[in-house]
>>> print(open('start_10.tsv').read())   # TSV, C-alpha atoms
chain	number	residue	atom	x	y	z
O	1	MET	CA	98.71	97.26	110.26
O	2	THR	CA	97.73	94.53	107.86
O	3	ALA	CA	101.25	93.51	106.83
O	4	SER	CA	104.01	91.73	108.71
O	5	PRO	CA	107.18	93.60	109.77
O	6	ILE	CA	110.06	94.08	107.36
O	7	THR	CA	113.80	93.71	107.91
O	8	LEU	CA	116.15	96.41	106.64
O	9	GLY	CA	119.92	95.97	106.59
O	10	ASP	CA	121.93	94.77	109.60
O	11	ASN	CA	118.87	92.82	110.83
O	12	LEU	CA	116.89	95.91	111.82
O	13	THR	CA	113.21	94.94	111.82
O	14	THR	CA	110.56	97.67	111.57
O	15	SER	CA	106.98	98.18	110.52
O	16	GLN	CA	106.47	98.18	106.74
O	17	LEU	CA	105.51	101.84	106.88
O	18	GLY	CA	107.18	104.47	109.02
O	19	PHE	CA	106.29	107.93	110.27
O	20	GLY	CA	108.28	111.05	109.36
O	21	GLY	CA	108.36	113.25	112.43
O	22	MET	CA	109.41	116.48	110.69
O	23	ALA	CA	105.77	117.15	109.79
O	24	LEU	CA	105.04	117.64	113.49
O	25	THR	CA	107.28	120.71	113.69
O	26	PRO	CA	106.23	124.13	112.31
O	27	VAL	CA	107.93	123.63	108.94
O	28	TYR	CA	104.55	123.49	107.18
O	29	GLY	CA	102.87	126.05	109.46
O	30	ALA	CA	101.82	126.11	113.10
O	31	VAL	CA	101.41	122.84	115.03
O	32	GLU	CA	99.26	122.15	118.07
O	33	PRO	CA	101.38	119.96	120.41
O	34	ALA	CA	98.39	118.03	121.78
O	35	ASP	CA	97.25	117.14	118.26
O	36	ALA	CA	100.78	116.13	117.29
O	37	LEU	CA	101.02	113.85	120.31
O	38	ALA	CA	97.65	112.26	119.54
O	39	THR	CA	98.76	111.64	115.95
O	40	LEU	CA	101.92	109.88	117.12
O	41	HIS	CA	99.99	107.67	119.52
O	42	HIS	CA	97.52	106.79	116.78
O	43	ALA	CA	100.34	105.81	114.45
O	44	ILE	CA	101.68	103.33	116.98
O	45	ASP	CA	98.17	102.08	117.76
O	46	VAL	CA	97.67	101.05	114.13
O	47	GLY	CA	101.11	99.50	113.77
O	48	VAL	CA	103.27	102.30	112.40
O	49	THR	CA	106.08	101.79	114.89
O	50	PHE	CA	109.10	103.07	112.94
O	51	ILE	CA	109.37	106.72	114.06
O	52	ASP	CA	111.87	109.03	112.35
O	53	THR	CA	113.10	112.33	113.75
O	54	ALA	CA	116.29	114.44	113.78
O	55	ASN	CA	118.08	116.76	116.15
O	56	VAL	CA	117.59	119.67	113.74
O	57	TYR	CA	113.79	119.35	113.50
O	58	GLY	CA	112.40	122.26	115.46
O	59	GLY	CA	115.81	122.83	117.01
O	60	GLY	CA	115.36	119.68	119.09
O	61	SER	CA	111.68	120.20	119.90
O	62	ASN	CA	110.65	117.29	117.65
O	63	GLU	CA	112.76	114.88	119.68
O	64	GLN	CA	111.24	116.32	122.86
O	65	LEU	CA	107.74	115.77	121.49
O	66	ILE	CA	108.51	112.17	120.62
O	67	ALA	CA	109.96	111.69	124.13
O	68	ALA	CA	106.44	112.16	125.50
O	69	VAL	CA	105.32	109.10	123.52
O	70	LEU	CA	108.41	107.07	124.33
O	71	ARG	CA	107.88	107.56	128.04
O	72	ASP	CA	105.24	104.83	128.10
O	73	ARG	CA	105.74	103.14	124.72
O	74	ARG	CA	109.50	102.90	124.12
O	75	ASP	CA	109.39	99.11	123.68
O	76	GLU	CA	106.79	99.45	120.91
O	77	VAL	CA	108.86	101.81	118.78
O	78	GLN	CA	111.82	101.50	116.43
O	79	LEU	CA	113.34	104.92	116.97
O	80	ALA	CA	115.45	106.69	114.37
O	81	THR	CA	117.08	110.08	114.71
O	82	LYS	CA	119.73	111.98	112.77
O	83	PHE	CA	122.63	114.36	113.32
O	84	GLY	CA	125.03	116.34	111.18
O	85	ILE	CA	123.08	119.36	109.94
O	86	THR	CA	123.90	122.59	111.72
O	87	GLY	CA	122.09	125.92	111.68
O	88	ASN	CA	118.47	126.39	110.62
O	89	PRO	CA	117.87	124.94	107.14
O	90	ALA	CA	114.28	126.24	107.09
O	91	ALA	CA	115.73	129.76	107.17
O	92	GLY	CA	118.39	128.99	104.59
O	93	ASP	CA	121.13	128.68	107.23
O	94	ARG	CA	122.70	125.27	106.79
O	95	GLY	CA	126.01	123.62	107.53
O	96	VAL	CA	127.26	120.09	108.21
O	97	ARG	CA	129.56	118.52	110.77
O	98	GLY	CA	130.60	114.88	110.89
O	99	ASP	CA	133.72	114.98	113.07
O	100	ARG	CA	134.04	112.59	116.02
O	101	ASP	CA	133.54	115.23	118.71
O	102	TYR	CA	130.32	116.38	117.10
O	103	VAL	CA	129.07	112.81	116.63
O	104	ARG	CA	129.47	112.20	120.36
O	105	GLN	CA	128.03	115.55	121.37
O	106	CYS	CA	124.93	115.08	119.23
O	107	ILE	CA	124.04	111.58	120.41
O	108	ASP	CA	124.22	112.61	124.06
O	109	GLU	CA	122.04	115.63	123.40
O	110	SER	CA	119.52	113.57	121.42
O	111	LEU	CA	119.31	110.84	124.05
O	112	GLN	CA	118.66	113.47	126.69
O	113	ARG	CA	115.89	115.13	124.67
O	114	LEU	CA	114.36	111.76	123.74
O	115	GLY	CA	114.50	110.50	127.32
O	116	THR	CA	115.96	107.15	126.32
O	117	ASP	CA	119.26	105.31	126.67
O	118	THR	CA	119.41	103.92	123.13
O	119	VAL	CA	118.48	104.91	119.58
O	120	ASP	CA	117.56	102.04	117.27
O	121	LEU	CA	118.85	103.75	114.11
O	122	TYR	CA	121.26	106.68	114.06
O	123	TYR	CA	121.72	108.49	110.74
O	124	LEU	CA	124.33	110.85	109.44
O	125	HIS	CA	121.88	113.43	108.09
O	126	ARG	CA	124.24	114.88	105.46
O	127	LEU	CA	127.83	114.17	104.48
O	128	ASP	CA	130.43	116.53	105.91
O	129	PRO	CA	132.70	117.51	102.97
O	130	ASN	CA	135.51	118.23	105.42
O	131	THR	CA	135.45	114.85	107.20
O	132	PRO	CA	136.01	111.54	105.41
O	133	ILE	CA	132.91	109.39	105.67
O	134	GLU	CA	135.09	106.59	107.05
O	135	ASP	CA	135.95	108.78	110.05
O	136	THR	CA	132.33	109.74	110.71
O	137	VAL	CA	131.12	106.14	110.48
O	138	ALA	CA	133.95	104.95	112.73
O	139	ALA	CA	132.84	107.48	115.35
O	140	MET	CA	129.23	106.35	114.96
O	141	ALA	CA	130.35	102.74	115.33
O	142	GLU	CA	131.80	103.59	118.73
O	143	LEU	CA	128.26	104.46	119.83
O	144	VAL	CA	127.10	100.96	118.84
O	145	THR	CA	129.86	99.43	120.94
O	146	GLU	CA	128.83	101.63	123.87
O	147	GLY	CA	125.15	100.69	123.54
O	148	LYS	CA	123.92	104.19	122.76
O	149	VAL	CA	122.96	103.18	119.21
O	150	ARG	CA	121.84	99.84	117.78
O	151	HIS	CA	122.17	100.41	114.03
O	152	LEU	CA	123.71	103.00	111.71
O	153	GLY	CA	122.19	104.83	108.75
O	154	LEU	CA	123.18	107.41	106.16
O	155	SER	CA	121.11	110.08	104.44
O	156	GLU	CA	121.62	111.36	100.89
O	157	VAL	CA	124.90	109.55	100.24
O	158	THR	CA	126.18	108.49	96.84
O	159	ALA	CA	126.78	104.88	95.89
O	160	ALA	CA	130.53	105.36	96.29
O	161	GLU	CA	130.10	106.95	99.72
O	162	LEU	CA	127.85	104.08	100.79
O	163	ARG	CA	130.46	101.54	99.73
O	164	ARG	CA	133.13	103.33	101.73
O	165	ALA	CA	130.88	103.45	104.79
O	166	VAL	CA	129.94	99.76	104.63
O	167	ALA	CA	133.63	98.89	104.61
O	168	VAL	CA	133.85	100.42	108.10
O	169	HIS	CA	130.60	99.19	109.70
O	170	PRO	CA	127.32	97.58	108.59
O	171	ILE	CA	124.75	100.13	107.45
O	172	ALA	CA	121.10	99.33	108.13
O	173	ALA	CA	119.51	101.92	105.87
O	174	VAL	CA	120.01	104.75	103.44
O	175	GLN	CA	117.49	107.55	103.71
O	176	SER	CA	117.02	109.71	100.64
O	177	GLU	CA	114.18	111.40	98.83
O	178	TRP	CA	112.56	108.84	96.53
O	179	SER	CA	109.10	109.08	95.05
O	180	ILE	CA	107.19	109.06	91.79
O	181	TRP	CA	108.53	112.53	91.02
O	182	SER	CA	112.06	112.03	92.49
O	183	ARG	CA	113.78	109.15	90.70
O	184	ASP	CA	117.47	110.10	90.62
O	185	VAL	CA	118.47	107.66	93.38
O	186	GLU	CA	117.51	104.75	91.15
O	187	SER	CA	120.55	105.34	88.92
O	188	ASN	CA	123.24	104.50	91.46
O	189	VAL	CA	122.30	104.58	95.14
O	190	VAL	CA	119.39	102.15	95.12
O	191	PRO	CA	121.24	99.45	93.12
O	192	ALA	CA	124.25	99.82	95.43
O	193	ALA	CA	122.06	99.46	98.51
O	194	ALA	CA	120.48	96.32	97.07
O	195	GLU	CA	123.90	94.85	96.30
O	196	LEU	CA	125.26	95.63	99.76
O	197	GLY	CA	122.23	94.40	101.70
O	198	VAL	CA	121.25	97.89	102.90
O	199	GLY	CA	117.61	98.85	103.32
O	200	PHE	CA	116.12	102.01	101.85
O	201	VAL	CA	113.99	104.58	103.68
O	202	PRO	CA	112.42	107.08	101.26
O	203	TYR	CA	111.67	110.43	102.82
O	204	ALA	CA	109.12	112.78	101.22
O	205	PRO	CA	107.50	109.75	99.50
O	206	LEU	CA	104.44	111.90	98.84
O	207	GLY	CA	106.41	114.81	97.42
O	208	ARG	CA	106.03	116.86	100.61
O	209	GLY	CA	102.29	116.42	100.24
O	210	PHE	CA	102.09	117.54	96.62
O	211	LEU	CA	101.51	114.07	95.16
O	212	THR	CA	98.37	113.67	97.28
O	213	GLY	CA	96.62	116.34	95.22
O	214	THR	CA	95.83	118.42	98.30
O	215	VAL	CA	98.57	121.06	97.95
O	216	THR	CA	98.25	124.22	95.89
O	217	ALA	CA	100.03	127.56	95.91
O	218	ASP	CA	97.20	128.92	98.04
O	219	THR	CA	97.70	126.28	100.75
O	220	ILE	CA	101.42	127.07	101.21
O	221	SER	CA	101.93	129.83	103.78
O	222	SER	CA	104.81	132.29	103.78
O	223	ASN	CA	106.63	130.39	106.55
O	224	ASP	CA	106.28	127.00	104.86
O	225	ILE	CA	109.58	125.21	104.15
O	226	ARG	CA	108.29	124.21	100.71
O	227	ASN	CA	108.92	127.77	99.58
O	228	HIS	CA	112.62	126.82	99.50
O	229	PHE	CA	112.11	124.00	96.99
O	230	PRO	CA	112.16	124.73	93.23
O	231	ARG	CA	109.21	122.45	92.47
O	232	PHE	CA	106.95	124.68	94.54
O	233	ASP	CA	107.89	128.03	93.05
O	234	ASP	CA	105.56	130.02	90.84
O	235	GLY	CA	107.17	128.72	87.68
O	236	SER	CA	106.75	125.05	88.52
O	237	ILE	CA	103.87	124.32	90.85
O	238	ASP	CA	101.13	124.70	88.24
O	239	THR	CA	103.09	122.68	85.68
O	240	ASN	CA	103.52	119.88	88.19
O	241	ARG	CA	99.78	119.41	88.53
O	242	ALA	CA	100.03	117.18	85.45
O	243	ALA	CA	102.00	114.68	87.54
O	244	VAL	CA	99.27	114.61	90.17
O	245	ALA	CA	96.58	114.17	87.54
O	246	ALA	CA	98.43	111.16	86.12
O	247	ILE	CA	98.68	109.58	89.57
O	248	GLN	CA	95.00	110.21	90.16
O	249	THR	CA	94.13	108.39	86.95
O	250	VAL	CA	95.79	105.24	88.26
O	251	ALA	CA	94.25	105.79	91.70
O	252	ASP	CA	90.77	105.93	90.20
O	253	ALA	CA	91.43	102.71	88.32
O	254	VAL	CA	92.41	100.76	91.46
O	255	GLY	CA	89.92	102.39	93.83
O	256	ALA	CA	92.56	104.12	95.95
O	257	THR	CA	93.76	107.64	96.73
O	258	ALA	CA	96.70	109.35	95.07
O	259	ALA	CA	98.65	109.04	98.34
O	260	GLN	CA	98.01	105.32	98.55
O	261	VAL	CA	99.08	104.76	94.96
O	262	SER	CA	102.26	106.80	95.50
O	263	LEU	CA	103.20	104.67	98.51
O	264	ALA	CA	102.24	101.43	96.79
O	265	TRP	CA	104.45	102.40	93.83
O	266	LEU	CA	107.45	102.65	96.16
O	267	ARG	CA	106.68	99.24	97.60
O	268	HIS	CA	106.62	97.80	94.09
O	269	LYS	CA	109.88	99.55	93.17
O	270	GLY	CA	111.57	98.05	96.20
O	271	SER	CA	110.53	94.63	94.98
O	272	ASP	CA	111.75	95.43	91.47
O	273	PHE	CA	115.19	96.46	92.77
O	274	GLY	CA	115.37	93.63	95.28
O	275	LEU	CA	115.72	95.59	98.49
O	276	PRO	CA	113.51	96.33	101.52
O	277	VAL	CA	111.85	99.74	101.36
O	278	VAL	CA	110.14	101.48	104.28
O	279	SER	CA	108.63	104.85	103.39
O	280	ILE	CA	108.23	107.48	106.09
O	281	PRO	CA	105.35	109.79	105.12
O	282	GLY	CA	104.62	112.48	107.67
O	283	THR	CA	101.26	113.95	108.58
O	284	ARG	CA	99.53	115.90	111.32
O	285	LYS	CA	96.20	114.13	110.90
O	286	GLN	CA	95.21	110.75	112.26
O	287	HIS	CA	92.97	109.87	109.33
O	288	ARG	CA	95.91	110.36	106.96
O	289	ILE	CA	97.82	107.70	108.88
O	290	ASP	CA	94.94	105.31	108.33
O	291	GLU	CA	94.93	106.22	104.65
O	292	ASN	CA	98.66	105.63	104.36
O	293	VAL	CA	98.52	102.28	106.15
O	294	SER	CA	95.83	101.13	103.73
O	295	SER	CA	98.35	101.59	100.91
O	296	LEU	CA	99.89	98.30	102.02
O	297	VAL	CA	97.00	96.40	100.45
O	298	VAL	CA	96.95	98.43	97.22
O	299	ASP	CA	98.26	96.31	94.37
O	300	LEU	CA	99.43	97.74	91.06
O	301	SER	CA	99.82	95.92	87.78
O	302	ALA	CA	103.10	96.02	85.87
O	303	ALA	CA	101.43	98.29	83.32
O	304	GLN	CA	100.29	100.69	86.06
O	305	VAL	CA	103.77	100.79	87.60
O	306	ALA	CA	105.18	101.57	84.15
O	307	GLU	CA	102.59	104.31	83.70
O	308	LEU	CA	103.60	105.84	87.03
O	309	ASP	CA	107.26	105.49	86.10
O	310	SER	CA	106.72	107.88	83.21
O	311	ILE	CA	105.44	110.69	85.44
O	312	ALA	CA	108.91	111.93	86.39
O	313	GLY	CA	109.24	113.24	82.85
O	314	LEU	CA	106.38	115.67	83.51
O	315	VAL	CA	108.01	117.30	86.52
O	316	SER	CA	109.34	120.85	86.50
O	317	GLY	CA	112.05	121.91	88.95
O	318	GLU	CA	114.87	120.17	90.82
O	319	ARG	CA	114.17	118.43	94.09
O	320	SER	CA	116.74	120.56	95.93
O	321	ALA	CA	117.81	124.16	95.51
O	322	VAL	CA	121.39	123.14	96.38
O	323	ALA	CA	122.64	120.30	94.16
O	324	SER	CA	125.43	119.19	96.51
O	325	TRP	CA	122.89	118.83	99.34
O	326	VAL	CA	121.57	115.59	97.79
O	327	SER	CA	123.30	112.52	96.45
O	328	SER	CA	122.55	113.15	92.78
O	329	GLY	CA	124.46	116.42	92.93
O	330	ARG	CA	127.64	114.53	93.82
O	331	GLU	CA	127.27	111.38	91.69
>>> encode(input="start_10.tsv", output="structure tokens")
Amino acid sequence: MTASPITLGDNLTTSQLGFGGMALTPVYGAVEPADALATLHHAIDVGVTFIDTANVYGGGSNEQLIAAVLRDRRDEVQLATKFGITGNPAAGDRGVRGDRDYVRQCIDESLQRLGTDTVDLYYLHRLDPNTPIEDTVAAMAELVTEGKVRHLGLSEVTAAELRRAVAVHPIAAVQSEWSIWSRDVESNVVPAAAELGVGFVPYAPLGRGFLTGTVTADTISSNDIRNHFPRFDDGSIDTNRAAVAAIQTVADAVGATAAQVSLAWLRHKGSDFGLPVVSIPGTRKQHRIDENVSSLVVDLSAAQVAELDSIAGLVSGERSAVASWVSSGRE
């Protein structure tokens, strides 16, 4: 990687670009385990050492896959995993638990699957509406004291929820969807994170692949998780090609790909808001990792950032089918 490491909140230092492990489970179609393992190794080889997974990805199989890499390379990796979602979201079966017993159960199960004694960053994947966030964070903080977890994170929380959590224990990072076509977090959550010294980890920074210009209705199979997102339904996906075309115009101007421009835009937005941002694009292909890493040297002018800022107005469809599932639905 061409850039130096970056420090999120609570003095958690990671690579400037991370890797989203969900892509290595069958949510976007079948996955060959040997190819997935080779992709992970390549990511670390080129300096992408911040690896993100969750207990719900593949019903735990994603953590088990990553364990094969950690076996020999644990010291090279900043490992993040998540808990809280129950059921099978890919099949429309979703629930949330954030009570103390479940916090403790989940970390022990994740550590066993990952084959490690400690997780660098442990996220609450979604807020449990039946458990005060203070109680969940207090239970997570016990894991820090016990050495099972080094830092705490939250996913898809509101600004108010983040403030309440920080009052209990330092929070290293908020993970939420943030990209050229998903801007809602900029209204409240991002400014709050900047104020509180919390880093930001955008998931789906490439719009689940759509912003790269390589995804069409024909490339999405019947068992693809994107079928559950409004922006990919028949009424929106063709309309949203205008957003990709606008990104490609900027990409052509700077001699980069649409993916690289999308990631570079997030880096610029982090600077604009005054907080560290580490995107976690996922991929199954090694050459895409190289492409994504090269985004770190893509520079955009203020005019180009402004041009990309306007793209959200072209987008059809909400980013989630369930409003309360993401922070903007509760703000």
>>> closest_atom_pairs(input="start_10.tsv", of="stretch 159-218 of chain O", to="stretch 42-65 of chain O", cutoff="12 Å", atoms="all atoms listed in the file", output="Markdown table")
| residue | atom | partner | partner_atom | distance |
| --- | --- | --- | --- | --- |
| O:Gln175 | CA | O:Asp52 | CA | 10.4 |
| O:Val201 | CA | O:Asp52 | CA | 10.0 |
| O:Pro202 | CA | O:Asp52 | CA | 11.3 |
| O:Tyr203 | CA | O:Asp52 | CA | 9.6 |
>>> closest_residue(input="start_10.tsv", among="O:Gly209, O:Gly153, O:Pro230, O:Pro132", to="O:Ser316", atoms="all atoms listed in the file")
O:Pro230
>>> closest_atom_pairs(input="start_10.tsv", of="stretch 165-188 of chain O", to="stretch 237-249 of chain O", cutoff="12 Å", atoms="only C-alpha atoms", output="tab-separated table")
residue	atom	partner	partner_atom	distance
O:Ser179	CA	O:Ala243	CA	11.8
O:Ile180	CA	O:Ala243	CA	8.8
O:Trp181	CA	O:Ala243	CA	7.7
O:Ser182	CA	O:Ala243	CA	11.5
>>> closest_residue(input="start_10.tsv", among="O:Ala165, O:Ala67, O:Val254, O:Ala30", to="O:Ser222", atoms="all atoms listed in the file")
O:Ala30
>>> residues_near_point(input="start_10.tsv", point="(101.3, 96.5, 86.8)", cutoff="12 Å", atoms="all atoms listed in the file", output="CSV table (one decimal) with C-alpha atoms, in the frame of the given file")
chain,number,residue,atom,x,y,z
O,250,VAL,CA,95.8,105.2,88.3
O,253,ALA,CA,91.4,102.7,88.3
O,254,VAL,CA,92.4,100.8,91.5
O,261,VAL,CA,99.1,104.8,95.0
O,264,ALA,CA,102.2,101.4,96.8
O,265,TRP,CA,104.4,102.4,93.8
O,268,HIS,CA,106.6,97.8,94.1
O,269,LYS,CA,109.9,99.6,93.2
O,272,ASP,CA,111.8,95.4,91.5
O,298,VAL,CA,97.0,98.4,97.2
O,299,ASP,CA,98.3,96.3,94.4
O,300,LEU,CA,99.4,97.7,91.1
O,301,SER,CA,99.8,95.9,87.8
O,302,ALA,CA,103.1,96.0,85.9
O,303,ALA,CA,101.4,98.3,83.3
O,304,GLN,CA,100.3,100.7,86.1
O,305,VAL,CA,103.8,100.8,87.6
O,306,ALA,CA,105.2,101.6,84.2
O,307,GLU,CA,102.6,104.3,83.7
O,308,LEU,CA,103.6,105.8,87.0
O,309,ASP,CA,107.3,105.5,86.1
>>> residues_around(input="start_10.tsv", residues="stretch 96-107 of chain O", least_positions_apart="4", cutoff="12 Å", atoms="all atoms listed in the file", output="compact mmCIF listing (two decimals) with C-alpha atoms, in the frame of the given file")
# COMPACT_ATOMS: atom_id res chain seq x y z
CA ALA O 54 116.29 114.44 113.78
CA ASN O 55 118.08 116.76 116.15
CA VAL O 56 117.59 119.67 113.74
CA GLY O 60 115.36 119.68 119.09
CA GLU O 63 112.76 114.88 119.68
CA ALA O 80 115.45 106.69 114.37
CA THR O 81 117.08 110.08 114.71
CA LYS O 82 119.73 111.98 112.77
CA PHE O 83 122.63 114.36 113.32
CA GLY O 84 125.03 116.34 111.18
CA ILE O 85 123.08 119.36 109.94
CA THR O 86 123.90 122.59 111.72
CA GLY O 87 122.09 125.92 111.68
CA ASN O 88 118.47 126.39 110.62
CA PRO O 89 117.87 124.94 107.14
CA LEU O 111 119.31 110.84 124.05
CA GLN O 112 118.66 113.47 126.69
CA ARG O 113 115.89 115.13 124.67
CA LEU O 114 114.36 111.76 123.74
CA GLY O 115 114.50 110.50 127.32
CA THR O 116 115.96 107.15 126.32
CA ASP O 117 119.26 105.31 126.67
CA THR O 118 119.41 103.92 123.13
CA VAL O 119 118.48 104.91 119.58
CA ASP O 120 117.56 102.04 117.27
CA LEU O 121 118.85 103.75 114.11
CA TYR O 122 121.26 106.68 114.06
CA TYR O 123 121.72 108.49 110.74
CA LEU O 124 124.33 110.85 109.44
CA HIS O 125 121.88 113.43 108.09
CA ARG O 126 124.24 114.88 105.46
CA LEU O 127 127.83 114.17 104.48
CA ASP O 128 130.43 116.53 105.91
CA PRO O 129 132.70 117.51 102.97
CA ASN O 130 135.51 118.23 105.42
CA THR O 131 135.45 114.85 107.20
CA PRO O 132 136.01 111.54 105.41
CA ILE O 133 132.91 109.39 105.67
CA GLU O 134 135.09 106.59 107.05
CA ASP O 135 135.95 108.78 110.05
CA THR O 136 132.33 109.74 110.71
CA VAL O 137 131.12 106.14 110.48
CA ALA O 138 133.95 104.95 112.73
CA ALA O 139 132.84 107.48 115.35
CA MET O 140 129.23 106.35 114.96
CA ALA O 141 130.35 102.74 115.33
CA GLU O 142 131.80 103.59 118.73
CA LEU O 143 128.26 104.46 119.83
CA VAL O 144 127.10 100.96 118.84
CA GLU O 146 128.83 101.63 123.87
CA GLY O 147 125.15 100.69 123.54
CA LYS O 148 123.92 104.19 122.76
CA VAL O 149 122.96 103.18 119.21
CA LEU O 154 123.18 107.41 106.16
CA SER O 324 125.43 119.19 96.51
CA TRP O 325 122.89 118.83 99.34
>>> axis_aligned_box(input="start_10.tsv", around="stretch 308-320 of chain O", padding_each_side="3 Å", output="JSON")
{"center_x": 110.2, "center_y": 113.7, "center_z": 89.4, "size_x": 19.1, "size_y": 22.4, "size_z": 19.1}
>>> closest_residue(input="start_10.tsv", among="O:Ser187, O:Thr212, O:Ser328, O:Ser176", to="O:Ser279", atoms="all atoms listed in the file")
O:Ser176
